[in-house]
file work_2.csv (CSV, C-alpha atoms)
chain,number,residue,atom,x,y,z
A,82,MET,CA,-25.6,-40.0,-47.4
A,83,ALA,CA,-28.8,-38.1,-47.8
A,84,ASP,CA,-28.9,-34.4,-48.6
A,85,ILE,CA,-29.3,-32.0,-45.7
A,86,ARG,CA,-32.9,-30.6,-45.8
A,87,PHE,CA,-35.0,-28.2,-43.7
A,88,ASP,CA,-38.5,-29.2,-44.8
A,89,GLY,CA,-41.0,-28.2,-42.1
A,90,LYS,CA,-38.5,-26.1,-40.3
A,91,VAL,CA,-38.5,-22.3,-39.8
A,92,ALA,CA,-35.4,-20.1,-39.8
A,93,ILE,CA,-34.8,-16.5,-38.9
A,94,VAL,CA,-31.7,-14.9,-40.5
A,95,THR,CA,-30.8,-11.4,-39.2
A,96,GLY,CA,-29.1,-9.0,-41.5
A,97,SER,CA,-30.1,-11.0,-44.5
A,98,GLY,CA,-31.0,-8.3,-47.0
A,99,GLY,CA,-27.5,-8.6,-48.6
A,100,GLY,CA,-24.0,-10.2,-48.3
A,101,LEU,CA,-23.6,-13.2,-46.1
A,102,GLY,CA,-27.1,-13.1,-44.6
A,103,ARG,CA,-28.7,-13.1,-48.0
A,104,GLN,CA,-26.8,-16.2,-49.1
A,105,HIS,CA,-27.6,-18.0,-45.8
A,106,ALA,CA,-31.3,-17.2,-46.3
A,107,LEU,CA,-31.4,-18.3,-49.9
A,108,GLU,CA,-29.7,-21.6,-49.2
A,109,LEU,CA,-31.9,-22.4,-46.3
A,110,ALA,CA,-34.9,-21.7,-48.4
A,111,ARG,CA,-33.6,-23.8,-51.3
A,112,ARG,CA,-33.3,-26.7,-48.9
A,113,GLY,CA,-36.9,-26.4,-47.7
A,114,ALA,CA,-36.8,-24.0,-44.8
A,115,ARG,CA,-39.4,-21.2,-44.4
A,116,VAL,CA,-37.4,-18.1,-43.7
A,117,VAL,CA,-37.8,-14.8,-42.0
A,118,VAL,CA,-35.6,-12.4,-43.9
A,119,ASN,CA,-34.7,-9.7,-41.3
A,120,ASP,CA,-32.9,-6.6,-42.3
A,121,LEU,CA,-33.0,-3.0,-41.1
A,122,GLY,CA,-31.8,-1.8,-44.4
A,123,GLY,CA,-29.3,0.7,-43.0
A,124,SER,CA,-25.8,1.6,-44.2
A,125,VAL,CA,-22.6,-0.2,-43.0
A,126,ASP,CA,-22.3,2.2,-40.1
A,127,GLY,CA,-25.9,1.5,-39.0
A,128,SER,CA,-27.5,4.8,-40.2
A,129,GLY,CA,-30.7,4.9,-42.2
A,130,GLY,CA,-33.0,2.1,-42.9
A,131,GLY,CA,-35.7,0.7,-45.1
A,132,SER,CA,-37.5,-2.6,-46.2
A,133,ASP,CA,-36.4,-2.8,-49.8
A,134,ALA,CA,-33.4,-5.1,-49.2
A,135,ALA,CA,-35.4,-7.7,-47.2
A,136,ASN,CA,-38.3,-7.6,-49.6
A,137,ALA,CA,-36.0,-8.2,-52.5
A,138,VAL,CA,-34.6,-11.4,-50.9
A,139,VAL,CA,-38.1,-12.6,-50.1
A,140,GLU,CA,-39.0,-12.2,-53.8
A,141,GLU,CA,-35.9,-14.2,-54.8
A,142,ILE,CA,-37.0,-17.0,-52.5
A,143,LYS,CA,-40.6,-16.9,-53.8
A,144,ALA,CA,-39.3,-17.0,-57.3
A,145,PHE,CA,-37.9,-20.5,-56.9
A,146,GLY,CA,-40.9,-21.7,-55.0
A,147,GLY,CA,-39.7,-21.1,-51.4
A,148,GLU,CA,-41.6,-19.5,-48.5
A,149,ALA,CA,-40.3,-16.3,-46.8
A,150,ILE,CA,-41.5,-13.2,-45.1
A,151,ALA,CA,-39.7,-9.9,-44.6
A,152,ASN,CA,-39.0,-8.2,-41.3
A,153,GLY,CA,-37.4,-4.8,-40.9
A,154,SER,CA,-36.8,-4.8,-37.1
A,155,SER,CA,-33.6,-3.7,-35.5
A,156,VAL,CA,-31.9,-6.5,-33.6
A,157,THR,CA,-31.1,-4.0,-30.8
A,158,ASP,CA,-34.8,-3.1,-30.3
A,159,ASP,CA,-36.7,-5.3,-27.8
A,160,ALA,CA,-40.1,-4.6,-29.3
A,161,GLY,CA,-38.7,-5.1,-32.8
A,162,VAL,CA,-37.2,-8.4,-31.9
A,163,ALA,CA,-40.4,-9.5,-30.3
A,164,LEU,CA,-42.3,-8.6,-33.5
A,165,MET,CA,-39.8,-10.5,-35.6
A,166,VAL,CA,-40.4,-13.6,-33.5
A,167,LYS,CA,-44.2,-13.0,-33.6
A,168,HIS,CA,-44.2,-12.8,-37.4
A,169,ALA,CA,-42.5,-16.2,-37.5
A,170,MET,CA,-44.8,-17.8,-35.0
A,171,ASP,CA,-48.0,-16.3,-36.5
A,172,ALA,CA,-47.0,-17.5,-40.0
A,173,TRP,CA,-45.6,-21.0,-39.2
A,174,GLY,CA,-46.0,-21.8,-35.5
A,175,ARG,CA,-42.4,-22.7,-34.7
A,176,ILE,CA,-38.8,-21.5,-34.9
A,177,ASP,CA,-36.0,-24.0,-35.5
A,178,VAL,CA,-33.0,-22.0,-36.6
A,179,LEU,CA,-31.6,-18.6,-35.7
A,180,VAL,CA,-28.7,-17.2,-37.7
A,181,ALA,CA,-27.5,-14.1,-35.9
A,182,ASN,CA,-25.7,-12.3,-38.8
A,183,ALA,CA,-26.6,-8.6,-38.5
A,184,GLY,CA,-23.7,-6.2,-38.0
A,185,VAL,CA,-22.2,-2.8,-38.5
A,186,LEU,CA,-18.7,-1.2,-38.5
A,187,ARG,CA,-17.4,2.1,-37.1
A,188,ASP,CA,-13.7,1.6,-37.3
A,189,LYS,CA,-11.2,4.0,-35.7
A,190,THR,CA,-8.1,3.5,-33.6
A,191,PHE,CA,-9.0,3.4,-29.9
A,192,SER,CA,-7.4,6.8,-29.2
A,193,LYS,CA,-9.7,8.4,-31.8
A,194,MET,CA,-12.9,6.4,-31.1
A,195,GLU,CA,-15.8,7.9,-29.3
A,196,ILE,CA,-17.3,5.9,-26.5
A,197,ALA,CA,-20.7,6.2,-28.3
A,198,ASP,CA,-19.2,4.4,-31.4
A,199,PHE,CA,-17.8,1.7,-29.1
A,200,GLU,CA,-21.2,1.2,-27.4
A,201,PHE,CA,-23.1,1.3,-30.7
A,202,VAL,CA,-21.1,-1.5,-32.3
A,203,LEU,CA,-21.1,-3.5,-29.1
A,204,ASN,CA,-24.9,-3.2,-28.9
A,205,VAL,CA,-25.5,-4.2,-32.5
A,206,HIS,CA,-23.2,-7.2,-32.6
A,207,LEU,CA,-23.4,-8.6,-29.0
A,208,MET,CA,-26.8,-7.5,-27.8
A,209,GLY,CA,-28.1,-7.9,-31.4
A,210,THR,CA,-27.2,-11.6,-30.9
A,211,VAL,CA,-28.4,-11.9,-27.3
A,212,LYS,CA,-31.8,-10.4,-27.9
A,213,PRO,CA,-32.9,-12.6,-30.8
A,214,ALA,CA,-31.5,-15.7,-29.0
A,215,LYS,CA,-33.4,-14.8,-25.8
A,216,ALA,CA,-36.6,-14.3,-27.9
A,217,VAL,CA,-36.4,-17.8,-29.4
A,218,TRP,CA,-34.9,-19.7,-26.5
A,219,GLU,CA,-38.1,-20.7,-24.7
A,220,ILE,CA,-39.7,-21.7,-28.0
A,221,MET,CA,-36.7,-23.9,-28.8
A,222,LYS,CA,-36.8,-25.4,-25.3
A,223,THR,CA,-40.5,-26.2,-25.6
A,224,GLN,CA,-39.8,-27.9,-29.0
A,225,ASN,CA,-36.8,-29.7,-27.6
A,226,TYR,CA,-35.0,-28.6,-30.8
A,227,GLY,CA,-33.1,-25.5,-31.9
A,228,ARG,CA,-30.0,-24.5,-33.8
A,229,ILE,CA,-28.4,-21.1,-33.2
A,230,VAL,CA,-25.5,-19.8,-35.3
A,231,CYS,CA,-23.7,-16.7,-34.0
A,232,THR,CA,-21.3,-14.6,-36.2
A,233,THR,CA,-17.9,-13.9,-34.7
A,234,SER,CA,-14.8,-12.6,-36.4
A,235,SER,CA,-11.0,-13.0,-36.6
A,236,SER,CA,-11.0,-9.4,-35.2
A,237,GLY,CA,-12.4,-10.8,-32.0
A,238,LEU,CA,-10.5,-14.0,-31.9
A,239,TYR,CA,-7.1,-12.5,-32.8
A,240,GLY,CA,-7.4,-8.7,-33.0
A,241,ASN,CA,-7.4,-6.2,-35.8
A,242,PHE,CA,-6.0,-2.7,-35.9
A,243,GLY,CA,-8.8,0.0,-35.6
A,244,GLN,CA,-11.5,-2.5,-34.5
A,245,SER,CA,-11.4,-2.5,-30.7
A,246,ASN,CA,-15.2,-2.0,-30.6
A,247,TYR,CA,-15.9,-4.7,-33.2
A,248,GLY,CA,-13.4,-7.1,-31.7
A,249,ALA,CA,-14.7,-6.8,-28.2
A,250,ALA,CA,-18.2,-7.5,-29.4
A,251,LYS,CA,-17.2,-10.5,-31.5
A,252,LEU,CA,-15.3,-12.2,-28.7
A,253,GLY,CA,-18.1,-11.4,-26.3
A,254,ILE,CA,-20.3,-13.5,-28.6
A,255,ILE,CA,-18.0,-16.5,-28.1
A,256,GLY,CA,-18.4,-16.2,-24.3
A,257,PHE,CA,-22.2,-16.1,-24.8
A,258,MET,CA,-22.1,-19.2,-27.1
A,259,ASN,CA,-19.9,-21.1,-24.7
A,260,THR,CA,-22.6,-20.9,-22.0
A,261,LEU,CA,-25.6,-21.4,-24.2
A,262,LYS,CA,-24.0,-24.6,-25.6
A,263,LEU,CA,-24.1,-26.0,-22.0
A,264,GLU,CA,-27.6,-24.7,-21.1
A,265,GLY,CA,-29.1,-25.9,-24.3
A,266,GLN,CA,-27.8,-29.5,-24.4
A,267,LYS,CA,-30.7,-31.2,-22.5
A,268,ASN,CA,-33.2,-29.6,-24.9
A,269,ASN,CA,-31.3,-30.4,-28.1
A,270,ILE,CA,-30.4,-26.8,-28.7
A,271,HIS,CA,-27.0,-26.6,-30.5
A,272,VAL,CA,-25.2,-23.3,-30.5
A,273,ASN,CA,-22.2,-22.6,-32.7
A,274,ALA,CA,-20.3,-19.6,-34.2
A,275,VAL,CA,-18.9,-18.8,-37.7
A,276,SER,CA,-16.0,-16.5,-38.3
A,277,PRO,CA,-16.3,-15.6,-42.0
A,278,VAL,CA,-13.9,-14.2,-44.5
A,279,ALA,CA,-16.0,-12.8,-47.3
A,280,ALA,CA,-16.3,-9.9,-49.8
A,281,THR,CA,-19.3,-7.8,-48.6
A,282,ARG,CA,-20.2,-4.2,-48.0
A,283,MET,CA,-18.3,-4.5,-44.7
A,284,THR,CA,-15.1,-5.5,-46.3
A,285,GLU,CA,-15.1,-3.6,-49.6
A,286,ASN,CA,-12.9,-0.8,-48.2
A,287,LEU,CA,-10.0,-3.0,-47.1
A,288,GLY,CA,-8.1,-2.4,-50.3
A,289,MET,CA,-7.5,-6.0,-51.3
A,290,PRO,CA,-6.8,-6.8,-55.0
A,291,GLN,CA,-9.9,-7.4,-57.1
A,292,GLU,CA,-8.9,-10.9,-58.1
A,293,ILE,CA,-8.7,-11.8,-54.4
A,294,PHE,CA,-11.9,-10.0,-53.6
A,295,ASP,CA,-13.7,-12.0,-56.3
A,296,ARG,CA,-12.7,-15.3,-54.7
A,297,LEU,CA,-14.1,-14.3,-51.3
A,298,LYS,CA,-17.8,-14.7,-52.3
A,299,PRO,CA,-20.3,-14.9,-49.5
A,300,GLU,CA,-21.7,-18.1,-51.0
A,301,TYR,CA,-18.4,-19.8,-50.2
A,302,VAL,CA,-19.1,-19.4,-46.5
A,303,THR,CA,-22.8,-20.4,-46.5
A,304,PRO,CA,-22.4,-24.2,-46.9
A,305,GLY,CA,-20.6,-24.3,-43.5
A,306,VAL,CA,-23.2,-22.1,-41.9
A,307,VAL,CA,-26.1,-24.1,-43.2
A,308,PHE,CA,-24.4,-27.3,-41.9
A,309,LEU,CA,-24.3,-25.6,-38.4
A,310,CYS,CA,-28.1,-25.0,-38.8
A,311,SER,CA,-28.8,-28.7,-39.5
A,312,GLU,CA,-29.9,-31.6,-37.3
A,313,GLU,CA,-26.3,-33.0,-37.7
A,314,ALA,CA,-24.7,-29.9,-36.3
A,315,PRO,CA,-22.1,-30.1,-33.5
A,316,THR,CA,-22.4,-27.7,-30.6
A,317,GLY,CA,-20.0,-25.1,-29.1
A,318,CYS,CA,-17.8,-24.9,-32.2
A,319,ILE,CA,-16.1,-21.9,-33.8
A,320,MET,CA,-16.0,-22.5,-37.5
A,321,THR,CA,-13.8,-20.3,-39.7
A,322,ALA,CA,-14.7,-20.1,-43.3
A,323,GLY,CA,-13.7,-18.3,-46.5
A,324,ALA,CA,-13.0,-18.9,-50.2
A,325,GLY,CA,-14.3,-22.4,-49.9
A,326,ALA,CA,-11.9,-23.3,-47.0
A,327,PHE,CA,-13.2,-24.3,-43.6
A,328,ALA,CA,-11.4,-24.7,-40.2
A,329,LEU,CA,-12.0,-25.0,-36.5
A,330,ALA,CA,-10.8,-22.3,-34.1
A,331,ARG,CA,-10.3,-23.2,-30.4
A,332,ILE,CA,-9.4,-21.3,-27.3
A,333,VAL,CA,-6.7,-23.5,-25.7
A,334,GLU,CA,-4.9,-23.4,-22.3
A,335,THR,CA,-1.5,-24.7,-21.6
A,336,GLU,CA,-0.9,-27.2,-18.8
A,337,GLY,CA,1.1,-24.6,-17.0
A,338,ALA,CA,3.4,-24.9,-14.0
A,339,TYR,CA,2.8,-25.2,-10.3
A,340,LEU,CA,5.1,-22.8,-8.5
A,341,GLY,CA,4.0,-23.5,-4.9
A,342,GLU,CA,2.5,-21.2,-2.4
A,343,GLY,CA,5.3,-20.6,0.1
A,344,GLY,CA,7.5,-17.7,-1.0
A,345,LEU,CA,5.7,-17.3,-4.3
A,346,SER,CA,7.0,-14.2,-6.0
A,347,VAL,CA,6.8,-12.2,-9.2
A,348,GLU,CA,10.3,-13.3,-10.1
A,349,GLU,CA,9.3,-17.0,-9.9
A,350,VAL,CA,6.6,-16.3,-12.5
A,351,ARG,CA,9.1,-14.5,-14.7
A,352,ASP,CA,11.7,-17.3,-14.3
A,353,ASN,CA,9.2,-20.1,-15.1
A,354,TRP,CA,7.6,-18.3,-18.0
A,355,GLY,CA,8.8,-20.9,-20.4
A,356,LYS,CA,7.1,-23.7,-18.4
A,357,ILE,CA,3.9,-21.7,-18.0
A,358,THR,CA,3.6,-21.1,-21.8
A,359,ASP,CA,4.9,-24.5,-23.0
A,360,PRO,CA,2.2,-25.7,-25.5
A,361,ALA,CA,2.8,-29.4,-24.8
A,362,GLY,CA,-0.4,-30.9,-23.4
A,363,GLN,CA,-2.5,-27.8,-24.0
A,364,GLN,CA,-6.3,-28.3,-24.1
A,365,ALA,CA,-9.4,-26.7,-25.3
A,366,TYR,CA,-11.8,-26.9,-22.3
A,367,GLN,CA,-15.5,-27.5,-22.8
A,368,ALA,CA,-16.5,-25.7,-19.6
A,369,GLY,CA,-14.9,-23.3,-17.1
A,370,GLY,CA,-15.0,-25.9,-14.4
A,371,GLU,CA,-12.3,-27.9,-16.3
A,372,GLN,CA,-9.8,-25.1,-15.7
A,373,THR,CA,-10.7,-25.0,-12.0
A,374,GLY,CA,-10.2,-28.7,-11.9
A,375,LYS,CA,-6.7,-28.4,-13.3
A,376,PHE,CA,-5.7,-26.0,-10.7
A,377,PHE,CA,-7.0,-28.2,-7.9
A,378,ARG,CA,-5.1,-31.1,-9.5
A,379,LYS,CA,-1.9,-29.1,-9.5
A,380,LEU,CA,-2.5,-28.0,-5.9
A,381,GLN,CA,-2.8,-31.7,-4.9
A,382,GLY,CA,0.2,-32.7,-7.0
A,383,GLY,CA,2.3,-30.0,-5.5
call {"tool": "encode", "arguments": {"input": "work_2.csv", "output": "C-alpha cells"}}
result
Amino acid sequence: MADIRFDGKVAIVTGSGGGLGRQHALELARRGARVVVNDLGGSVDGSGGGSDAANAVVEEIKAFGGEAIANGSSVTDDAGVALMVKHAMDAWGRIDVLVANAGVLRDKTFSKMEIADFEFVLNVHLMGTVKPAKAVWEIMKTQNYGRIVCTTSSSGLYGNFGQSNYGAAKLGIIGFMNTLKLEGQKNNIHVNAVSPVAATRMTENLGMPQEIFDRLKPEYVTPGVVFLCSEEAPTGCIMTAGAGAFALARIVETEGAYLGEGGLSVEEVRDNWGKITDPAGQQAYQAGGEQTGKFFRKLQGG
C-alpha cells in the first residue's frame, strides 16, 4: 500500500511548541503538509507566554524542507483563534486538518480546588477545542473535506484522582466529537479523538520510574494521530495510544432489563441490578437515537 501523504494539504496543530503537539506537527510536515504551529508558550498551568517554542518548531520543519508558520494565539481567545485561521488561509488558501492538542493542568482534589481553576482548565481543554473547530468548520464544509483530531484523556474516560477539572473537560470533548462526527459526515469531515499516554511536561511530575518514562515518548503516539488526520481516517473513534501500543475505547450500554410500568419501585431496580448490568449483548451506539430506540423496543416487547 502507498505511504500516507499530505501533499497540498494544510494542517493546524494547537499546542505544538513541544511534547505531543510538536511531534504531530513535525510528522505532518515530513509527509508533505504545510503546518501552522500554534503555541501560546506558557507554562503547564497556563501562565506566561511567548513565541519562542512555536518559532523553534517552524525552524525544525524548514530545516528538512517543509513549510510552516508560527502562531502564538491562545485557543481560548476568539480573536486569536480567528487570527490563527486567517494566517493559514492567507498563506495557503485552505485548511484540511485540525489537531486540537493544547492543554494545561491545575491538579488538586475537588475539596481543595478553586472554581476559578476548574473553569480555567475546562475553558482551555473544552472551549480550546470547540473554538478552533468552529473557526475551521465552514471552511472544511466548503471544501467537502476535513479531518479534526481532538485530544481526550483516560482521566476523562475513566477518572483520575485530583483531576476533576481536567477529567470533566476531556470527557466533554468526547460529547462534542460524537455530535460533530454526525454533522460532518455529508461533507466528508471526519472527527476523532486520541487519548495519549506520553512523557511530556504535563506528566513529568507523576513520579514514574525513569526507564518507564523513557519508553513513553510522544513520537510513539504520533503515528496514530497522523493516521486519524489522513484521507483514510475513520470517524467518531476514540483511539488510545502510548509506548507504541494502540487501542480503541468505546462507551458501551448494556441491553438492560424491562421492569414494566405498573407498580414499578425502587426495590425492583435494586432486585434486578444483575440483569440491568449484565454485559451480554452490550453495544456501542453511534448516535443517541439508538438508545431511545432500544427503550421503545423494550416497551413494545413488554
call {"tool": "atom_distance", "arguments": {"input": "work_2.csv", "atom1": "CA of Lys262 (chain A)", "atom2": "CA of Phe87 (chain A)"}}
result
21.5 Å
call {"tool": "atom_distance", "arguments": {"input": "work_2.csv", "atom1": "CA of Gly240 (chain A)", "atom2": "CA of Leu179 (chain A)"}}
result
26.3 Å
call {"tool": "residues_around", "arguments": {"input": "work_2.csv", "residues": "Ala249 (chain A)", "least_positions_apart": "2", "cutoff": "10 Å", "atoms": "all atoms listed in the file", "output": "ChimeraX atom specification"}}
result
/A:199,202-203,206-207,236-238,240,244-247,251-254
call {"tool": "residues_near_point", "arguments": {"input": "work_2.csv", "point": "(-34.3, -19.5, -25.1)", "cutoff": "12 Å", "atoms": "only C-alpha atoms", "output": "PyMOL selection string"}}
result
chain A and resi 166+176-179+211-229+261-262+264-266+268-272
call {"tool": "closest_atom_pairs", "arguments": {"input": "work_2.csv", "of": "region 115-182 of chain A", "to": "region 88-99 of chain A", "cutoff": "7 Å", "atoms": "only C-alpha atoms", "output": "Markdown table"}}
result
| residue | atom | partner | partner_atom | distance |
| --- | --- | --- | --- | --- |
| A:Arg115 | CA | A:Val91 | CA | 4.8 |
| A:Val116 | CA | A:Ala92 | CA | 4.8 |
| A:Val117 | CA | A:Ile93 | CA | 4.6 |
| A:Val118 | CA | A:Ser97 | CA | 5.7 |
| A:Asn119 | CA | A:Thr95 | CA | 4.7 |
| A:Asp120 | CA | A:Gly96 | CA | 4.6 |
| A:Ala134 | CA | A:Gly98 | CA | 4.6 |
| A:Ala135 | CA | A:Gly98 | CA | 4.4 |
| A:Val138 | CA | A:Gly98 | CA | 6.1 |
| A:Arg175 | CA | A:Val91 | CA | 6.4 |
| A:Ile176 | CA | A:Val91 | CA | 5.0 |
| A:Asp177 | CA | A:Val91 | CA | 5.3 |
| A:Val178 | CA | A:Ala92 | CA | 4.4 |
| A:Leu179 | CA | A:Ile93 | CA | 5.0 |
| A:Val180 | CA | A:Val94 | CA | 4.7 |
| A:Ala181 | CA | A:Thr95 | CA | 5.4 |
| A:Asn182 | CA | A:Thr95 | CA | 5.2 |
call {"tool": "residues_around", "arguments": {"input": "work_2.csv", "residues": "region 323-330 of chain A", "least_positions_apart": "6", "cutoff": "9 Å", "atoms": "only C-alpha atoms", "output": "list of chain:residue names"}}
result
A:Leu238, A:Ser276, A:Pro277, A:Val278, A:Ala279, A:Arg296, A:Leu297, A:Lys298, A:Pro299, A:Glu300, A:Tyr301, A:Val302, A:Pro304, A:Gly305
call {"tool": "write_last_selection", "arguments": {"input": "work_2.csv", "atoms": "C-alpha atoms", "output": "compact mmCIF listing (two decimals), keeping the file's coordinate frame"}}
result
# COMPACT_ATOMS: atom_id res chain seq x y z
CA LEU A 238 -10.50 -14.00 -31.90
CA SER A 276 -16.00 -16.50 -38.30
CA PRO A 277 -16.30 -15.60 -42.00
CA VAL A 278 -13.90 -14.20 -44.50
CA ALA A 279 -16.00 -12.80 -47.30
CA ARG A 296 -12.70 -15.30 -54.70
CA LEU A 297 -14.10 -14.30 -51.30
CA LYS A 298 -17.80 -14.70 -52.30
CA PRO A 299 -20.30 -14.90 -49.50
CA GLU A 300 -21.70 -18.10 -51.00
CA TYR A 301 -18.40 -19.80 -50.20
CA VAL A 302 -19.10 -19.40 -46.50
CA PRO A 304 -22.40 -24.20 -46.90
CA GLY A 305 -20.60 -24.30 -43.50
call {"tool": "closest_residue", "arguments": {"input": "work_2.csv", "among": "A:Thr316, A:Ser311, A:Thr303, A:Gln367", "to": "Glu108 (chain A)", "atoms": "only C-alpha atoms"}}
result
A:Thr303
call {"tool": "atom_distance", "arguments": {"input": "work_2.csv", "atom1": "CA of Leu263 (chain A)", "atom2": "CA of Arg378 (chain A)"}}
result
23.3 Å
call {"tool": "closest_residue", "arguments": {"input": "work_2.csv", "among": "A:Ala280, A:Met170, A:Val185, A:Ala114", "to": "Gly100 (chain A)", "atoms": "only C-alpha atoms"}}
result
A:Ala280
call {"tool": "closest_residue", "arguments": {"input": "work_2.csv", "among": "A:Thr157, A:Gln372, A:Gln104, A:Asn273", "to": "Met320 (chain A)", "atoms": "all atoms listed in the file"}}
result
A:Asn273
